[in-house]
>>> print(open('start.cif').read())   # mmCIF, C-alpha atoms
data_model
loop_
_atom_site.label_atom_id
_atom_site.label_comp_id
_atom_site.auth_asym_id
_atom_site.auth_seq_id
_atom_site.Cartn_x
_atom_site.Cartn_y
_atom_site.Cartn_z
CA MET A 190 69.44 229.36 -8.00
CA ASP A 191 71.85 227.03 -9.79
CA LYS A 192 71.57 224.07 -7.43
CA PHE A 193 69.36 222.94 -4.59
CA VAL A 194 69.11 220.04 -2.15
CA VAL A 195 66.29 217.52 -1.84
CA ILE A 196 66.14 215.94 1.60
CA ASP A 197 64.20 213.06 3.14
CA THR A 198 64.20 211.58 6.62
CA GLU A 199 63.02 208.37 8.22
CA THR A 200 62.15 208.26 11.90
CA THR A 201 62.16 205.78 14.77
CA TRP A 202 59.13 204.51 16.66
CA THR A 203 59.63 207.46 19.04
CA ASP A 204 59.76 210.03 16.19
CA LYS A 205 63.54 210.58 16.24
CA VAL A 206 65.36 210.91 12.92
CA MET A 207 67.26 207.69 12.21
CA SER A 208 68.32 208.35 8.61
CA VAL A 209 68.71 211.27 6.23
CA GLY A 210 69.13 211.21 2.48
CA ILE A 211 70.17 214.23 0.47
CA VAL A 212 70.42 214.84 -3.25
CA VAL A 213 72.16 217.92 -4.60
CA ALA A 214 70.40 218.72 -7.87
CA ASP A 215 71.06 220.95 -10.83
CA ALA A 216 68.23 223.49 -10.99
CA CYS A 217 68.25 223.57 -14.81
CA ASP A 218 67.72 219.89 -15.59
CA MET A 219 66.59 218.61 -12.15
CA ARG A 220 69.23 215.86 -12.27
CA PRO A 221 71.36 214.66 -9.33
CA VAL A 222 74.81 216.17 -8.95
CA GLU A 223 75.73 214.49 -5.64
CA THR A 224 74.02 212.20 -3.15
CA LYS A 225 74.69 211.40 0.47
CA TYR A 226 73.02 208.93 2.81
CA TYR A 227 73.36 209.07 6.60
CA VAL A 228 72.26 206.49 9.14
CA LEU A 229 72.29 208.13 12.56
CA TYR A 230 73.83 206.38 15.53
CA PRO A 231 72.56 205.58 18.10
CA GLU A 232 69.06 206.56 16.86
CA TYR A 233 68.77 203.82 14.24
CA THR A 234 69.32 201.14 16.91
CA PHE A 235 65.94 201.96 18.48
CA GLY A 236 64.10 200.83 15.35
CA GLY A 237 61.23 202.23 13.40
CA MET A 238 58.54 201.29 10.94
CA TYR A 239 61.01 201.41 8.03
CA SER A 240 64.15 200.08 9.71
CA TYR A 241 64.18 197.25 7.17
CA ALA A 242 65.00 199.79 4.42
CA LEU A 243 68.05 201.34 6.12
CA GLY A 244 70.42 198.99 4.31
CA HIS A 245 68.70 198.97 0.91
CA LYS A 246 71.35 197.92 -1.61
CA ARG A 247 70.35 200.55 -4.20
CA ALA A 248 71.14 203.28 -1.65
CA GLY A 249 74.73 202.13 -1.37
CA LYS A 250 76.78 202.15 1.77
CA PRO A 251 75.56 204.79 4.21
CA THR A 252 77.66 207.04 6.36
CA VAL A 253 76.91 205.87 9.89
CA CYS A 254 77.51 208.79 12.21
CA SER A 255 76.07 210.97 14.94
CA ARG A 256 73.29 213.40 14.15
CA GLN A 257 75.64 216.31 14.84
CA ASP A 258 78.19 215.00 12.34
CA ALA A 259 75.50 214.45 9.71
CA MET A 260 74.09 217.96 10.10
CA GLN A 261 77.57 219.49 9.88
CA ASP A 262 78.29 217.47 6.75
CA ILE A 263 75.00 218.49 5.12
CA ALA A 264 75.79 222.16 5.82
CA ARG A 265 79.27 221.64 4.35
CA ILE A 266 77.87 220.02 1.19
CA CYS A 267 75.36 222.85 0.75
CA SER A 268 78.16 225.38 1.15
CA GLU A 269 80.35 223.56 -1.39
CA HIS A 270 77.48 223.70 -3.89
CA ASP A 271 76.68 227.31 -2.96
CA THR A 272 73.05 226.62 -2.08
CA THR A 273 70.77 227.48 0.81
CA HIS A 274 67.67 225.93 -0.80
CA ILE A 275 66.23 222.70 0.59
CA PHE A 276 63.27 220.94 -1.01
CA ALA A 277 61.27 218.11 0.50
CA TYR A 278 57.95 216.38 -0.03
CA ASN A 279 55.77 217.50 2.87
CA ALA A 280 58.66 219.76 3.81
CA LEU A 281 57.19 220.89 7.11
CA PHE A 282 57.72 217.36 8.51
CA ASP A 283 61.41 217.25 7.60
CA LYS A 284 62.00 220.87 8.59
CA MET A 285 60.51 220.28 12.05
CA HIS A 286 62.66 217.17 12.49
CA LEU A 287 65.87 218.93 11.42
CA PRO A 288 66.01 222.16 13.44
CA GLU A 289 69.77 222.35 12.80
CA LEU A 290 68.88 223.30 9.21
CA LEU A 291 66.32 226.03 9.99
CA ASN A 292 68.62 228.72 8.58
CA PHE A 293 68.14 227.26 5.12
CA GLN A 294 65.27 228.21 2.81
CA TRP A 295 62.78 225.32 2.73
CA TYR A 296 60.40 224.55 -0.14
CA ASP A 297 57.57 222.04 -0.31
CA ILE A 298 57.33 219.78 -3.38
CA MET A 299 53.91 218.51 -2.31
CA ARG A 300 52.43 222.02 -2.48
CA LEU A 301 52.66 221.86 -6.26
CA ALA A 302 52.29 218.12 -6.84
CA ALA A 303 48.97 217.80 -4.99
CA TYR A 304 47.21 220.73 -6.68
CA VAL A 305 45.40 220.44 -9.99
CA GLN A 306 46.46 224.00 -10.89
CA TYR A 307 50.11 222.90 -10.95
CA ASN A 308 49.81 219.23 -11.85
CA PRO A 309 47.96 218.51 -15.09
CA MET A 310 48.45 214.75 -14.58
CA ILE A 311 45.94 214.63 -11.71
CA PRO A 312 43.15 212.48 -13.15
CA HIS A 313 39.99 214.25 -14.28
CA GLY A 314 37.26 213.67 -11.72
CA ALA A 315 39.65 213.06 -8.82
CA PRO A 316 38.12 214.32 -5.55
CA LEU A 317 39.45 217.81 -4.86
CA PHE A 318 39.02 220.44 -2.19
CA SER A 319 37.81 223.86 -3.38
CA THR A 320 41.46 224.97 -3.35
CA GLY A 321 42.27 222.41 -6.06
CA ARG A 322 44.21 220.09 -3.75
CA LEU A 323 43.59 216.38 -3.95
CA LYS A 324 41.56 215.10 -1.01
CA SER A 325 43.68 211.94 -0.84
CA GLY A 326 46.27 210.01 -2.79
CA TYR A 327 48.94 212.69 -2.94
CA GLY A 328 51.76 210.93 -1.07
CA VAL A 329 55.06 210.24 -2.82
CA GLN A 330 54.05 206.75 -3.95
CA SER A 331 50.68 207.82 -5.36
CA MET A 332 52.10 210.94 -6.97
CA LEU A 333 54.97 209.16 -8.65
CA ARG A 334 52.52 206.59 -10.00
CA ILE A 335 50.33 209.39 -11.41
CA LEU A 336 53.21 211.32 -12.94
CA SER A 337 55.19 208.39 -14.34
CA GLY A 338 52.30 206.12 -15.30
CA ASP A 339 54.09 203.29 -13.47
CA ASN A 340 51.41 201.70 -11.28
CA GLY A 341 53.96 199.13 -10.10
CA TYR A 342 56.11 201.73 -8.37
CA PHE A 343 56.47 201.30 -4.59
CA GLU A 344 58.14 203.77 -2.26
CA THR A 345 61.17 202.19 -0.59
CA HIS A 346 61.11 204.30 2.60
CA ASN A 347 64.86 204.56 2.37
CA ALA A 348 65.75 208.23 2.94
CA LEU A 349 68.17 208.51 0.01
CA LEU A 350 66.03 206.61 -2.49
CA ASP A 351 62.96 208.59 -1.42
CA ALA A 352 64.86 211.88 -1.90
CA LEU A 353 65.77 210.74 -5.41
CA ASP A 354 62.10 209.89 -6.05
CA GLU A 355 61.07 213.34 -4.81
CA LEU A 356 63.52 214.92 -7.28
CA THR A 357 61.94 212.77 -9.99
CA ILE A 358 58.53 214.18 -9.04
CA MET A 359 59.93 217.68 -9.47
CA ARG A 360 61.40 216.79 -12.87
CA LEU A 361 58.14 215.17 -14.04
CA LEU A 362 56.07 218.16 -12.88
CA GLY A 363 58.25 220.31 -15.12
CA HIS A 364 58.21 223.48 -13.00
CA ASP A 365 61.27 225.61 -12.44
CA ALA A 366 62.63 225.38 -8.91
CA ASP A 367 61.69 229.01 -8.25
CA LYS A 368 57.99 228.17 -8.81
CA TYR A 369 57.85 226.23 -5.50
CA PHE A 370 56.48 227.85 -2.37
CA LYS A 371 58.89 228.71 0.41
CA LEU A 372 57.86 227.65 3.92
#
>>> encode(input="start.cif", output="structure tokens")
Amino acid sequence: MDKFVVIDTETTWTDKVMSVGIVVADACDMRPVETKYYVLYPEYTFGGMYSYALGHKRAGKPTVCSRQDAMQDIARICSEHDTTHIFAYNALFDKMHLPELLNFQWYDIMRLAAYVQYNPMIPHGAPLFSTGRLKSGYGVQSMLRILSGDNGYFETHNALLDALDELTIMRLLGHDADKYFKL
């Protein structure tokens, strides 16, 4: 694969997707090629735990549109970049919330980041299951702190900025995109 997409969603109080961030990334250097940020109307008007982050200035101006329009645009962007590969941190959550994108191949970033076999930065002595997975502390915020050494990092809970952070996790892990497990 030459390129892939990293996707993140934020949901309302009633578990409806209210925003989607996507990052098209180059598979060789794990750097962004294109980004897009959607705020879904009317869903965002119902509010959610992270509604305050919808207008985060670092995310830029979002495309406010219907869910249908956002999904069609995401499919178009993937087609333009000739990719069918979508990566996400805890990908099952995003995949279940975006059934319109089920025809894509989904990969879970967390499945490598949270396992000592694939992540040498997991601190020695950290509590692990017998499988090698961390028992706790493997969310995006904790993992980016571990990998970057920046204990002051805080997750924004803005879908685009979180997708960029998830790409950073992939870059810091140093694995080729084809090493990730397909859902």
>>> residues_around(input="start.cif", residues="region 293-304 of chain A", least_positions_apart="3", cutoff="6 Å", atoms="all atoms listed in the file", output="list of chain:residue names")
A:Thr273, A:His274, A:Ile275, A:Phe276, A:Ala277, A:Tyr278, A:Asn279, A:Ala280, A:Leu290, A:Tyr307, A:Asn308, A:Gly321, A:Arg322, A:Leu323, A:Tyr327, A:Phe370, A:Lys371, A:Leu372
>>> resolve_selection(input="start.cif", expression="the PyMOL selection byres ((chain A and resi 285-287) around 9)", output="PDB file with C-alpha atoms, keeping the file's coordinate frame")
ATOM      1  CA  THR A 198      64.200 211.580   6.620  1.00  0.00           C
ATOM      2  CA  THR A 200      62.150 208.260  11.900  1.00  0.00           C
ATOM      3  CA  ASP A 204      59.760 210.030  16.190  1.00  0.00           C
ATOM      4  CA  LYS A 205      63.540 210.580  16.240  1.00  0.00           C
ATOM      5  CA  VAL A 206      65.360 210.910  12.920  1.00  0.00           C
ATOM      6  CA  MET A 260      74.090 217.960  10.100  1.00  0.00           C
ATOM      7  CA  ALA A 280      58.660 219.760   3.810  1.00  0.00           C
ATOM      8  CA  LEU A 281      57.190 220.890   7.110  1.00  0.00           C
ATOM      9  CA  PHE A 282      57.720 217.360   8.510  1.00  0.00           C
ATOM     10  CA  ASP A 283      61.410 217.250   7.600  1.00  0.00           C
ATOM     11  CA  LYS A 284      62.000 220.870   8.590  1.00  0.00           C
ATOM     12  CA  PRO A 288      66.010 222.160  13.440  1.00  0.00           C
ATOM     13  CA  GLU A 289      69.770 222.350  12.800  1.00  0.00           C
ATOM     14  CA  LEU A 290      68.880 223.300   9.210  1.00  0.00           C
ATOM     15  CA  LEU A 291      66.320 226.030   9.990  1.00  0.00           C
TER      16      LEU A 291
END
>>> resolve_selection(input="start.cif", expression="the PyMOL selection byres ((chain A and resi 257-259) around 10)", output="ChimeraX atom specification")
/A:208-209,225-229,252-256,260-265,289
>>> atom_distance(input="start.cif", atom1="CA of Tyr233 (chain A)", atom2="CA of Thr203 (chain A)")
10.9 Å
>>> atom_distance(input="start.cif", atom1="CA of Leu362 (chain A)", atom2="CA of Glu199 (chain A)")
24.3 Å
>>> residues_around(input="start.cif", residues="region 217-221 of chain A", least_positions_apart="3", cutoff="6 Å", atoms="only C-alpha atoms", output="JSON, numbers by chain")
{"A": [213, 214, 360]}
>>> resolve_selection(input="start.cif", expression="the PyMOL selection byres ((chain A and resi 235) around 10)", output="ChimeraX atom specification")
/A:200-203,205,207,230-234,236-237,240
